[in-house]
Structure formats: structure tokens, C-alpha cells
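**Student:** My structure is in data_19.csv, and what it holds is CSV, C-alpha atoms:
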chain,number,residue,atom,x,y,z
A,22,MET,CA,0.0,0.0,0.0
A,23,THR,CA,1.3,3.5,-0.9
A,24,ALA,CA,1.1,6.1,1.8
A,25,GLN,CA,0.2,9.7,1.0
A,26,ALA,CA,2.1,13.0,1.9
A,27,ASP,CA,1.9,16.5,0.6
A,28,ILE,CA,5.7,16.7,0.6
A,29,VAL,CA,8.3,14.0,1.2
A,30,VAL,CA,11.7,15.1,2.5
A,31,ALA,CA,14.4,12.5,2.1
A,32,GLY,CA,17.3,12.8,4.5
A,33,GLY,CA,17.1,13.0,8.3
A,34,GLY,CA,20.2,15.1,8.9
A,35,ILE,CA,19.9,18.7,10.2
A,36,VAL,CA,19.1,20.3,6.8
A,37,GLY,CA,16.4,17.8,6.0
A,38,LEU,CA,14.9,18.1,9.5
A,39,ALA,CA,15.0,21.9,9.3
A,40,THR,CA,13.3,21.8,5.9
A,41,ALA,CA,10.5,19.6,7.1
A,42,LEU,CA,10.0,21.9,10.1
A,43,ALA,CA,9.8,25.0,7.9
A,44,LEU,CA,7.3,23.3,5.6
A,45,ILE,CA,5.1,22.6,8.6
A,46,GLU,CA,5.5,25.9,10.4
A,47,HIS,CA,5.6,28.3,7.5
A,48,ALA,CA,3.7,26.5,4.7
A,49,GLY,CA,1.2,24.3,6.6
A,50,THR,CA,1.9,21.3,4.5
A,51,ARG,CA,1.6,17.6,5.5
A,52,VAL,CA,5.2,16.4,5.6
A,53,THR,CA,6.8,12.9,5.8
A,54,LEU,CA,10.5,12.8,6.5
A,55,LEU,CA,12.4,9.6,5.4
A,56,GLU,CA,15.8,8.6,6.8
A,57,ALA,CA,17.8,5.7,5.4
A,58,GLU,CA,19.6,4.9,8.7
A,59,ALA,CA,18.1,3.6,11.9
A,60,ALA,CA,18.5,6.9,13.6
A,61,LEU,CA,18.5,10.6,12.7
A,62,GLY,CA,21.6,12.7,12.2
A,63,THR,CA,24.0,9.9,12.1
A,64,HIS,CA,26.4,11.3,9.4
A,65,GLN,CA,27.5,14.9,9.0
A,66,THR,CA,25.1,16.2,11.7
A,67,GLY,CA,26.6,13.9,14.3
A,68,HIS,CA,30.2,14.1,13.2
A,69,ASN,CA,31.4,17.7,13.3
A,70,SER,CA,33.1,20.2,15.6
A,71,GLY,CA,29.9,21.8,16.9
A,72,VAL,CA,30.7,25.3,15.8
A,73,ILE,CA,28.0,27.9,15.2
A,74,HIS,CA,29.7,29.9,12.4
A,75,ALA,CA,29.5,33.7,12.3
A,76,GLY,CA,29.7,34.1,8.5
A,77,LEU,CA,33.3,35.4,8.2
A,78,TYR,CA,34.5,33.5,5.2
A,79,TYR,CA,31.8,33.6,2.6
A,80,ARG,CA,31.5,35.8,-0.5
A,81,PRO,CA,29.1,38.6,0.5
A,82,ASP,CA,26.8,38.0,-2.5
A,83,SER,CA,26.6,34.2,-2.0
A,84,LEU,CA,23.7,32.2,-0.7
A,85,LYS,CA,26.0,30.9,2.0
A,86,ALA,CA,26.7,34.4,3.4
A,87,ARG,CA,23.0,35.4,3.4
A,88,LEU,CA,21.7,32.1,4.9
A,89,CYS,CA,24.5,31.8,7.4
A,90,ARG,CA,23.8,35.3,8.7
A,91,GLU,CA,20.1,34.7,9.0
A,92,GLY,CA,20.4,31.1,10.2
A,93,ARG,CA,23.0,31.9,12.9
A,94,GLU,CA,20.7,34.2,14.8
A,95,ALA,CA,17.7,32.0,14.3
A,96,LEU,CA,19.7,29.1,15.7
A,97,TYR,CA,20.7,31.0,18.8
A,98,GLU,CA,17.1,32.0,19.3
A,99,PHE,CA,15.9,28.4,18.7
A,100,CYS,CA,18.4,27.0,21.2
A,101,ALA,CA,17.4,29.5,23.9
A,102,ALA,CA,13.7,28.8,23.4
A,103,GLU,CA,14.0,25.1,23.3
A,104,GLY,CA,16.6,24.7,26.1
A,105,VAL,CA,19.3,23.3,23.8
A,106,PRO,CA,22.7,23.9,25.5
A,107,HIS,CA,24.9,26.3,23.6
A,108,ARG,CA,27.5,29.1,24.2
A,109,ARG,CA,28.3,32.2,22.3
A,110,THR,CA,32.1,32.1,22.7
A,111,GLY,CA,33.6,34.1,19.9
A,112,LYS,CA,36.7,32.8,18.1
A,113,LEU,CA,40.2,34.0,17.2
A,114,VAL,CA,41.6,33.8,13.6
A,115,VAL,CA,45.3,34.1,13.7
A,116,ALA,CA,47.8,35.2,11.1
A,117,THR,CA,51.0,33.4,12.1
A,118,THR,CA,53.3,35.2,9.6
A,119,PRO,CA,53.4,38.6,7.8
A,120,ALA,CA,52.7,36.7,4.5
A,121,GLU,CA,49.2,35.9,5.8
A,122,LEU,CA,48.3,39.5,6.6
A,123,PRO,CA,46.7,40.3,3.1
A,124,ALA,CA,44.5,37.2,3.5
A,125,LEU,CA,43.5,38.4,7.0
A,126,ASP,CA,42.7,41.8,5.5
A,127,GLN,CA,40.4,40.1,3.0
A,128,LEU,CA,38.7,38.1,5.8
A,129,GLU,CA,38.1,41.3,7.8
A,130,ALA,CA,36.6,43.0,4.7
A,131,ARG,CA,34.3,40.0,4.1
A,132,GLY,CA,33.2,39.9,7.7
A,133,ARG,CA,32.3,43.5,7.7
A,134,ALA,CA,30.5,43.2,4.3
A,135,ASN,CA,28.5,40.3,5.9
A,136,GLY,CA,27.4,42.5,8.7
A,137,LEU,CA,29.5,41.1,11.6
A,138,GLN,CA,29.2,43.4,14.6
A,139,GLY,CA,31.5,41.5,16.9
A,140,LEU,CA,34.5,41.7,14.5
A,141,ARG,CA,37.7,43.5,15.6
A,142,ARG,CA,41.3,43.4,14.5
A,143,VAL,CA,43.9,42.7,17.2
A,144,SER,CA,47.6,43.1,17.4
A,145,ALA,CA,50.2,40.4,18.3
A,146,ALA,CA,50.2,41.7,21.9
A,147,GLU,CA,46.4,41.6,22.1
A,148,LEU,CA,46.4,38.0,20.8
A,149,ARG,CA,48.3,36.9,23.9
A,150,ASP,CA,45.8,38.7,26.2
A,151,ILE,CA,43.0,36.7,24.6
A,152,GLU,CA,44.8,33.4,24.2
A,153,PRO,CA,48.1,33.4,26.2
A,154,GLU,CA,49.6,30.4,24.4
A,155,VAL,CA,48.9,31.6,20.9
A,156,ALA,CA,51.6,32.7,18.5
A,157,GLY,CA,50.9,35.2,15.7
A,158,VAL,CA,51.5,38.7,14.2
A,159,ALA,CA,47.8,39.8,14.1
A,160,GLY,CA,44.3,38.3,14.4
A,161,LEU,CA,40.6,38.8,14.2
A,162,VAL,CA,38.2,38.4,17.0
A,163,VAL,CA,34.8,37.1,15.7
A,164,GLY,CA,32.3,37.7,18.4
A,165,GLU,CA,29.3,36.0,16.8
A,166,THR,CA,30.8,32.5,16.8
A,167,GLY,CA,29.6,29.9,19.3
A,168,VAL,CA,29.4,26.2,20.1
A,169,VAL,CA,26.5,23.7,20.3
A,170,ASP,CA,25.8,20.0,20.0
A,171,PHE,CA,24.2,19.8,16.6
A,172,GLY,CA,22.9,16.3,17.4
A,173,LYS,CA,20.8,17.8,20.1
A,174,VAL,CA,19.7,20.6,17.8
A,175,ALA,CA,18.5,17.9,15.3
A,176,ALA,CA,16.7,16.0,18.0
A,177,ALA,CA,14.9,19.3,19.0
A,178,TYR,CA,13.9,19.8,15.3
A,179,ALA,CA,12.5,16.2,15.2
A,180,ARG,CA,10.6,16.7,18.4
A,181,LYS,CA,8.9,19.8,17.0
A,182,ILE,CA,8.1,18.1,13.7
A,183,GLU,CA,6.3,15.3,15.4
A,184,GLN,CA,4.5,17.6,17.9
A,185,GLN,CA,3.1,19.6,14.9
A,186,GLY,CA,1.8,16.5,13.1
A,187,GLY,CA,4.8,15.7,10.8
A,188,ALA,CA,5.8,12.1,10.3
A,189,ILE,CA,9.3,10.7,10.6
A,190,ARG,CA,10.3,7.3,9.3
A,191,THR,CA,13.8,5.9,9.9
A,192,GLY,CA,15.1,2.8,8.1
A,193,ALA,CA,13.6,4.1,4.8
A,194,ARG,CA,16.3,4.2,2.2
A,195,VAL,CA,15.2,5.7,-1.2
A,196,LEU,CA,15.4,3.0,-3.9
A,197,GLY,CA,13.5,4.7,-6.7
A,198,VAL,CA,11.4,7.6,-7.8
A,199,ARG,CA,8.7,7.4,-10.4
A,200,GLU,CA,5.7,9.4,-11.6
A,201,ASN,CA,2.2,8.3,-10.9
A,202,GLY,CA,0.7,8.1,-14.4
A,203,THR,CA,-2.8,8.9,-13.2
A,204,GLY,CA,-2.3,11.7,-10.8
A,205,GLY,CA,0.9,13.3,-11.9
A,206,ARG,CA,2.4,12.9,-8.5
A,207,ALA,CA,5.8,11.3,-7.6
A,208,VAL,CA,6.0,7.9,-5.9
A,209,VAL,CA,9.0,7.5,-3.7
A,210,GLU,CA,9.9,3.9,-3.3
A,211,THR,CA,12.0,3.0,-0.2
A,212,SER,CA,13.2,0.0,1.8
A,213,ALA,CA,10.2,0.6,4.1
A,214,GLY,CA,7.5,1.1,1.6
A,215,ALA,CA,6.3,3.7,-0.9
A,216,TRP,CA,5.0,7.3,-0.4
A,217,GLU,CA,3.1,9.3,-3.0
A,218,THR,CA,3.8,13.0,-2.9
A,219,ALA,CA,3.4,16.2,-4.9
A,220,LEU,CA,7.2,16.9,-4.5
A,221,LEU,CA,10.3,15.1,-3.3
A,222,VAL,CA,12.8,17.2,-1.4
A,223,ASN,CA,16.3,15.6,-1.5
A,224,CYS,CA,18.4,16.5,1.5
A,225,CYS,CA,20.4,13.3,1.5
A,226,GLY,CA,23.9,14.8,1.9
A,227,LEU,CA,26.5,12.1,1.1
A,228,GLN,CA,23.9,10.3,-1.2
A,229,ALA,CA,22.3,13.4,-2.7
A,230,ASP,CA,23.6,12.9,-6.2
A,231,HIS,CA,22.5,9.3,-6.2
A,232,VAL,CA,19.0,10.2,-5.1
A,233,ALA,CA,18.8,12.9,-7.8
A,234,ARG,CA,19.6,10.3,-10.5
A,235,LEU,CA,16.9,8.0,-9.1
A,236,ALA,CA,14.5,10.9,-9.6
A,237,GLY,CA,15.7,11.3,-13.2
A,238,VAL,CA,17.7,14.5,-12.6
A,239,ASP,CA,21.3,14.9,-13.8
A,240,PRO,CA,22.9,16.5,-10.8
A,241,GLY,CA,25.9,17.8,-12.8
A,242,VAL,CA,28.2,17.1,-9.9
A,243,LEU,CA,29.6,14.1,-8.0
A,244,ILE,CA,29.6,14.0,-4.3
A,245,ILE,CA,33.2,13.3,-3.2
A,246,PRO,CA,33.6,12.3,0.4
A,247,PHE,CA,36.4,13.9,2.4
A,248,ARG,CA,37.2,12.5,5.8
A,249,GLY,CA,38.1,14.9,8.6
A,250,GLU,CA,40.1,13.3,11.3
A,251,TYR,CA,40.1,14.8,14.8
A,252,TYR,CA,42.4,14.7,17.9
A,253,GLU,CA,41.8,16.1,21.3
A,254,LEU,CA,44.0,17.8,23.8
A,255,ALA,CA,44.7,15.6,26.9
A,256,ARG,CA,42.6,16.9,29.8
A,257,THR,CA,45.7,17.8,31.7
A,258,ARG,CA,46.7,20.2,28.8
A,259,SER,CA,43.3,21.6,27.9
A,260,ASN,CA,44.2,24.8,29.7
A,261,LEU,CA,46.4,25.7,26.7
A,262,VAL,CA,43.3,26.9,24.9
A,263,ARG,CA,40.5,29.1,26.2
A,264,ASN,CA,38.0,29.1,23.4
A,265,LEU,CA,38.4,28.7,19.6
A,266,ILE,CA,41.5,29.3,17.6
A,267,TYR,CA,41.6,29.2,13.8
A,268,PRO,CA,44.3,29.7,11.2
A,269,VAL,CA,43.9,32.0,8.2
A,270,PRO,CA,42.5,29.5,5.6
A,271,ASP,CA,43.8,28.7,2.2
A,272,PRO,CA,41.5,30.8,-0.1
A,273,ARG,CA,41.8,28.2,-2.9
A,274,LEU,CA,40.1,25.5,-0.8
A,275,PRO,CA,36.7,25.2,0.9
A,276,PHE,CA,38.3,23.9,4.1
A,277,LEU,CA,39.2,26.0,7.1
A,278,GLY,CA,42.4,24.3,8.2
A,279,VAL,CA,43.4,22.5,11.4
A,280,HIS,CA,42.1,24.5,14.4
A,281,PHE,CA,41.3,24.3,18.1
A,282,THR,CA,37.7,24.2,19.4
A,283,ARG,CA,36.7,24.1,23.0
A,284,GLY,CA,33.3,22.4,23.1
A,285,LEU,CA,30.4,22.6,25.5
A,286,ASP,CA,32.0,19.8,27.5
A,287,ASP,CA,35.2,21.8,27.7
A,288,ARG,CA,37.1,19.2,25.8
A,289,VAL,CA,39.4,20.8,23.2
A,290,HIS,CA,38.9,19.3,19.7
A,291,LEU,CA,41.8,19.5,17.3
A,292,GLY,CA,41.4,19.4,13.5
A,293,PRO,CA,40.1,18.3,11.2
A,294,ASN,CA,42.3,17.6,8.3
A,295,ALA,CA,40.7,16.8,5.0
A,296,VAL,CA,41.6,13.5,3.1
A,297,LEU,CA,39.9,11.7,0.3
A,298,ALA,CA,37.7,8.9,1.7
A,299,PHE,CA,37.2,5.6,-0.3
A,300,LYS,CA,33.7,5.1,0.9
A,301,ARG,CA,30.8,7.6,1.1
A,302,THR,CA,30.6,6.9,4.8
A,303,GLY,CA,34.3,6.2,5.2
A,304,TYR,CA,34.9,7.2,8.8
A,305,ARG,CA,37.9,4.9,9.2
A,306,ARG,CA,41.1,4.9,7.1
A,307,SER,CA,40.4,1.2,6.2
A,308,ASP,CA,36.8,1.8,4.9
A,309,PHE,CA,36.5,1.0,1.2
A,310,ALA,CA,33.5,0.6,-1.1
A,311,ALA,CA,34.3,-0.6,-4.7
A,312,ARG,CA,31.2,1.1,-6.1
A,313,ASP,CA,32.1,4.5,-4.6
A,314,VAL,CA,35.7,4.2,-5.8
A,315,LEU,CA,34.8,3.1,-9.3
A,316,GLU,CA,32.3,6.0,-9.6
A,317,LEU,CA,35.0,8.4,-8.5
A,318,LEU,CA,37.6,7.1,-11.0
A,319,ALA,CA,35.0,7.3,-13.8
A,320,PHE,CA,34.2,10.9,-13.1
A,321,PRO,CA,36.3,13.3,-15.2
A,322,GLY,CA,36.0,16.1,-12.6
A,323,PHE,CA,37.8,13.9,-10.1
A,324,TRP,CA,41.0,13.8,-12.2
A,325,ARG,CA,40.8,17.5,-12.9
A,326,MET,CA,40.4,18.2,-9.2
A,327,ALA,CA,43.3,15.9,-8.4
A,328,ALA,CA,45.6,17.6,-10.9
A,329,ARG,CA,44.7,21.0,-9.5
A,330,TYR,CA,45.0,20.2,-5.8
A,331,TRP,CA,47.4,17.3,-5.5
A,332,ARG,CA,50.0,19.3,-3.5
A,333,ALA,CA,47.4,20.3,-0.9
A,334,GLY,CA,46.1,16.7,-0.9
A,335,ALA,CA,49.6,15.4,-0.2
A,336,VAL,CA,49.9,17.7,2.8
A,337,GLU,CA,46.6,16.5,4.2
A,338,LEU,CA,47.5,12.9,3.6
A,339,GLY,CA,50.7,13.3,5.5
A,340,ARG,CA,48.9,14.7,8.5
A,341,SER,CA,46.5,11.8,8.4
A,342,PHE,CA,49.3,9.2,8.7
A,343,SER,CA,51.7,11.2,10.9
A,344,THR,CA,50.7,12.6,14.3
A,345,ALA,CA,53.9,14.6,14.3
A,346,LEU,CA,52.9,16.4,11.1
A,347,PHE,CA,49.4,17.0,12.5
A,348,VAL,CA,50.9,18.5,15.7
A,349,ARG,CA,53.3,20.6,13.6
A,350,ALA,CA,50.2,22.3,12.1
A,351,LEU,CA,48.8,22.9,15.5
A,352,GLN,CA,52.1,24.3,16.7
A,353,ARG,CA,52.0,27.1,14.2
A,354,LEU,CA,49.1,28.5,16.3
A,355,VAL,CA,50.0,27.2,19.8
A,356,PRO,CA,53.7,26.3,20.0
A,357,ALA,CA,53.4,24.7,23.4
A,358,VAL,CA,51.4,21.7,22.1
A,359,SER,CA,53.5,18.5,21.9
A,360,PRO,CA,52.7,15.0,20.4
A,361,ALA,CA,52.3,13.8,24.0
A,362,ASP,CA,49.4,16.2,24.5
A,363,VAL,CA,47.1,14.9,21.8
A,364,VAL,CA,44.9,11.8,21.6
A,365,PRO,CA,42.9,10.5,18.6
A,366,ALA,CA,39.2,11.5,18.7
A,367,GLY,CA,37.2,10.1,15.8
A,368,SER,CA,36.3,11.5,12.4
A,369,GLY,CA,33.6,12.9,10.2
A,370,VAL,CA,33.0,12.8,6.4
A,371,ARG,CA,32.2,15.9,4.4
A,372,ALA,CA,30.0,15.7,1.3
A,373,GLN,CA,31.8,17.9,-1.2
A,374,ALA,CA,30.2,18.4,-4.6
A,375,VAL,CA,32.7,18.6,-7.5
A,376,ASP,CA,31.6,19.5,-11.0
A,377,ARG,CA,32.9,18.1,-14.3
A,378,THR,CA,35.6,20.8,-14.6
A,379,GLY,CA,37.1,19.7,-11.2
A,380,ARG,CA,35.8,22.7,-9.4
A,381,LEU,CA,35.0,22.2,-5.7
A,382,LEU,CA,31.6,24.0,-5.3
A,383,ASP,CA,31.9,26.6,-2.6
A,384,ASP,CA,28.3,27.8,-2.4
A,385,PHE,CA,25.1,25.9,-1.6
A,386,HIS,CA,23.8,24.2,-4.8
A,387,ILE,CA,20.2,23.4,-5.4
A,388,VAL,CA,18.8,21.7,-8.6
A,389,GLU,CA,15.1,21.2,-9.5
A,390,GLY,CA,13.5,18.3,-11.3
A,391,LYS,CA,9.9,17.9,-12.6
A,392,ARG,CA,8.6,16.6,-9.2
A,393,SER,CA,11.7,17.1,-7.1
A,394,ILE,CA,14.1,19.6,-5.5
A,395,HIS,CA,17.7,18.5,-4.8
A,396,VAL,CA,20.2,20.0,-2.3
A,397,LEU,CA,23.4,18.9,-3.9
A,398,ASN,CA,26.0,20.9,-1.9
A,399,ALA,CA,25.4,21.9,1.7
A,400,PRO,CA,28.8,21.9,3.4
A,401,SER,CA,29.7,24.1,6.4
A,402,PRO,CA,28.0,26.3,7.5
A,403,ALA,CA,24.9,24.3,6.6
A,404,ALA,CA,24.3,23.2,10.2
A,405,THR,CA,24.6,26.8,11.4
A,406,ALA,CA,22.3,27.9,8.6
A,407,SER,CA,19.9,25.0,8.8
A,408,LEU,CA,16.8,27.0,9.9
A,409,SER,CA,17.3,29.6,7.1
A,410,ILE,CA,18.1,26.9,4.5
A,411,GLY,CA,14.8,25.2,5.5
A,412,ARG,CA,12.8,28.4,5.2
A,413,TYR,CA,14.5,29.2,1.9
A,414,LEU,CA,13.6,25.7,0.5
A,415,ALA,CA,10.1,26.0,1.9
A,416,GLY,CA,9.6,29.2,0.0
A,417,GLN,CA,10.8,27.5,-3.2
A,418,ILE,CA,8.5,24.5,-2.6
A,419,VAL,CA,5.4,26.6,-2.0
A,420,ALA,CA,6.1,28.5,-5.2
A,421,ARG,CA,6.5,25.2,-7.1
A,422,LEU,CA,3.2,23.7,-5.6
A,423,ARG,CA,1.2,26.6,-7.0
A,424,HIS,CA,2.2,25.6,-10.5
A,425,LEU,CA,1.8,21.8,-10.2
Do you think you could lay out the structure here as C-alpha cells?
**Tutor:**
Amino acid sequence: MTAQADIVVAGGGIVGLATALALIEHAGTRVTLLEAEAALGTHQTGHNSGVIHAGLYYRPDSLKARLCREGREALYEFCAAEGVPHRRTGKLVVATTPAELPALDQLEARGRANGLQGLRRVSAAELRDIEPEVAGVAGLVVGETGVVDFGKVAAAYARKIEQQGGAIRTGARVLGVRENGTGGRAVVETSAGAWETALLVNCCGLQADHVARLAGVDPGVLIIPFRGEYYELARTRSNLVRNLIYPVPDPRLPFLGVHFTRGLDDRVHLGPNAVLAFKRTGYRRSDFAARDVLELLAFPGFWRMAARYWRAGAVELGRSFSTALFVRALQRLVPAVSPADVVPAGSGVRAQAVDRTGRLLDDFHIVEGKRSIHVLNAPSPAATASLSIGRYLAGQIVARLRHL
């Protein structure tokens, strides 16, 4: 028997949950959310550093910049209203050499263009007042940054969805999407049954391009998984870091570099690096999926990306296999850290969309099909911006429904 829903949202990570919530609260639609795994938020939502991003890094005219700015404040308000523990800590971005000062200038200009009120430039002496163990020639204080457990945020979204009549079904992996010939609606076939809907919203993260193809849509990109590996400071050395310390990032890459994050539990997370994973859910170095690797090797954009970024990739790979090299990156910011101070602490996998030219997509990327909408690139700050992404998608969906 086929169940009925106004809208089906596929993907029970934080973006899918926020989208379902927005559809219920702002569009009044009957929503069913489908998640392939046995629990919600088990991938990118549950494997990250827990940082509420301010919006410092993003091109001012980008969707990322706009939605991060709106979503950040909406998230702080949501957490306060729903009793989700969080802390507005601020962070410090450090230029460790004079050569990084022009990039720091650009970051400051972007932050101001993006409306950051808590942004201020600090000197080398002021750096030490804020973080006594840090080494640098100048820095930026970013006051809007904070920390939260995004797994708990996702659980709060899910709770509100169900309280307001939405349905959530786990263990429902999308297997196919077809059009109902009589009613012109989409039928979403899953491992837990079928749902008929006016529109499928694909928020499947690491599997988003696969689901797009199941719906008959050419995504134009391949999701390439990058594993981010973390360490932690030993508890006896956690006093080396007061809050969050970041390097000036490489502007050629959509990654922020190895950094220090003091979480809500006061454990200091170190990392992540960014290495190619050989499985979409490759959280361990030994994880391997032949299908994922063959798909990667067959995609021309992968080879173009590899040719463009092989030097940066080699540096990241070295840090993956050598604790000493990882610690050396940390020491650029905090020289007092030693290999004896760090312990392994798990990993996450980032879903990075790459196009056929080898370009790593930097902005959020959304593609529409006849009976579907597909979120094909939603990297950081997607968790921070989740509420605003959900509302943005809900607006698009309501507009689509008027013409279906």
C-alpha cells in the first residue's frame, strides 16, 4: 500500500529536519521525512566540531553568506527557546606570519560586508591577552561564533516536527522515484514502503547525487567524500586553549584548516584535516567501497580536481598518517602543544560536490526536477544555517506547488 504525503523530505540530517520543520510551520503542509539509517543525524550532523559559524569566510553576495547570517541568529534563538545547551564564545583567527596579513585583511573585509558586529582586529600583543599560548602577528576576534551539539539541535527539530503533526520514518532508504501516471504525483519507493507526494525534497547529503539520479535528474556534480580526522588535547593540557583558535585558511580550498575548538563539555577538539575517503561513509582509514571508488575514478571532474590540488592533498594525507605532522600544524598556532598532548578522537565525512571541470563547489547548490528539488551541496555552514536553509527551501517549494 502506498502512503500519502503533501511533501516527502528524504534525509534525516539537520538540513532535512529543518526543511521539514519549515514546511510545517511556514507552509502548513503535511510532511513525511524519510531517513535511510536507523537513527536521525548519524552522518554529517553527528560528526562535526559543533561550531556555530559567524559568516566570516563567505563571499558577500553568496547564498552561504546570506543564509549563514540569518540562520546563525535564528539558531541562537531556537536553542534559547527550546533549552538546547549552547554558548556564544567568539573565536580568534590568527595570522602566524606577515605573508598571511593580506588574506587576513580580506577576511576582515568580508566579515564587515557580511554584517558582523563583533568583529575586531587585534595586534600580536592583544592576541596573547585573549589566548596566552597563541603565536601570531595579528588576528581577528569574531564575536558571533559559538558552540553547540548539533545532534541535540537535530533532536529538537525532530521533536517539534512530530509535535506539529509531521511524520518521521527511519530505516527508509530511497530505492527509486517514479511518476504516478494517473495523478501526476511522484512515488518515492523505499526499503520501508512507498510514499506518493506532490514533491520530493532531497536532502540526502552524502547520497544526494545518487537520489537525484533516481529521480531522473542529472545533478551535474559528483559528491566526493572527504574524511576529517580529529584529535583532542589531553585533559591535563586543555588549559592551553581558552576558546576557539583558527588559522587563516587557504583561499583556494573550501576547508578552514586545522584548528582548536573548546566544546560545550570543555574538551578541546583539534582538527580536522581533509583527506579523500574511499567510501561515502568512510569514517575509518580502512573503509572501502568498490562502487564508490569506481564511480570516483570514472568521473572526469575527479581527475581534474586531483591535478589541481594534488599538493594540498599530499599535505593533508601526510597529516593523516603522521601525528607529528598534525601536531606541527597545531604548533603554528599554539607552539606549546606537543605530540604527547594529543589523543585520537574520531572523524567525520564531508559531502563535497565537485563539477565536471574539477571545481569544488563553494556555495550551496540546489537543482530542480519535474517533481523534485535536490540540495546537492550543503557543506559548512549548513548546520549553522539549517533553519534559514529550511525556510529558503520551503519558499521555493510553496512556489512550485502553486504551478503543479
**Student:** Between atom CA of Arg392 of chain A and atom CA of Arg206 of chain A, what is the distance in Å, rounded to a tenth?
**Tutor:**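 It comes out at 7.3 Å.
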**Student:** At a cut-off of 12 Å, can you tabulate as a Markdown table every residue of segment 336-372 of chain A near segment 130-153 of chain A together with its closest atom pair and the distance in Å to one decimal, using all atoms listed in the file and ordering rows by chain then number?
**Tutor:**
| residue | atom | partner | partner_atom | distance |
| --- | --- | --- | --- | --- |
| A:Leu354 | CA | A:Glu152 | CA | 10.2 |
| A:Val355 | CA | A:Pro153 | CA | 9.1 |
| A:Pro356 | CA | A:Pro153 | CA | 11.0 |
| A:Ala357 | CA | A:Pro153 | CA | 10.6 |
**Student:** Could you check which of A:Val348, A:Asn294, A:Tyr267, A:Ala159 is closest to Leu125 of chain A, using only C-alpha atoms?
**Tutor:**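 Of the candidates, the smallest distance to Leu125 of chain A is held by A:Ala159.
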**Student:** Near segment 228-239 of chain A, counting all atoms listed in the file, which residues have an atom at most 7 Å away, once you skip same-chain residues fewer than 2 positions from it, shown as a PDB file with C-alpha atoms, in the frame of the given file?
**Tutor:**
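Saved result, part_37.pdb, follows:
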ATOM      1  CA  GLY A 197      13.500   4.700  -6.700  1.00  0.00           C
ATOM      2  CA  VAL A 198      11.400   7.600  -7.800  1.00  0.00           C
ATOM      3  CA  ARG A 199       8.700   7.400 -10.400  1.00  0.00           C
ATOM      4  CA  ASN A 223      16.300  15.600  -1.500  1.00  0.00           C
ATOM      5  CA  CYS A 224      18.400  16.500   1.500  1.00  0.00           C
ATOM      6  CA  CYS A 225      20.400  13.300   1.500  1.00  0.00           C
ATOM      7  CA  GLY A 226      23.900  14.800   1.900  1.00  0.00           C
ATOM      8  CA  GLY A 241      25.900  17.800 -12.800  1.00  0.00           C
ATOM      9  CA  LEU A 243      29.600  14.100  -8.000  1.00  0.00           C
ATOM     10  CA  ILE A 244      29.600  14.000  -4.300  1.00  0.00           C
ATOM     11  CA  GLY A 390      13.500  18.300 -11.300  1.00  0.00           C
ATOM     12  CA  HIS A 395      17.700  18.500  -4.800  1.00  0.00           C
ATOM     13  CA  VAL A 396      20.200  20.000  -2.300  1.00  0.00           C
ATOM     14  CA  LEU A 397      23.400  18.900  -3.900  1.00  0.00           C
TER      15      LEU A 397
END
**Student:** At what distance in Å, to one decimal, does atom CA of Val208 of chain A lie from atom CA of Gly49 of chain A?
**Tutor:** 21.2 Å
**Student:** Could you build a table of the residues in segment 359-399 of chain A lying no more than 6 Å from segment 321-329 of chain A, giving for each the nearest pair of atoms and their separation in Å rounded to one decimal place, using all atoms listed in the file, ordered by chain and ascending residue number, as a Markdown table?
**Tutor:**
| residue | atom | partner | partner_atom | distance |
| --- | --- | --- | --- | --- |
| A:Asp376 | CA | A:Gly322 | CA | 5.8 |
| A:Arg377 | CA | A:Gly322 | CA | 4.1 |
| A:Thr378 | CA | A:Gly322 | CA | 5.1 |
| A:Gly379 | CA | A:Gly322 | CA | 4.0 |
**Student:** Using only C-alpha atoms for the distances, tell me which of A:Pro246, A:Pro240, A:Gly172, A:Pro365 is nearest to Leu38 of chain A.
**Tutor:** A:Gly172
**Student:** Nearest to Ala350 of chain A among A:Thr117, A:Asp384, A:Val370, A:Arg423, with distances taken over only C-alpha atoms: which residue is it?
**Tutor:** A:Thr117
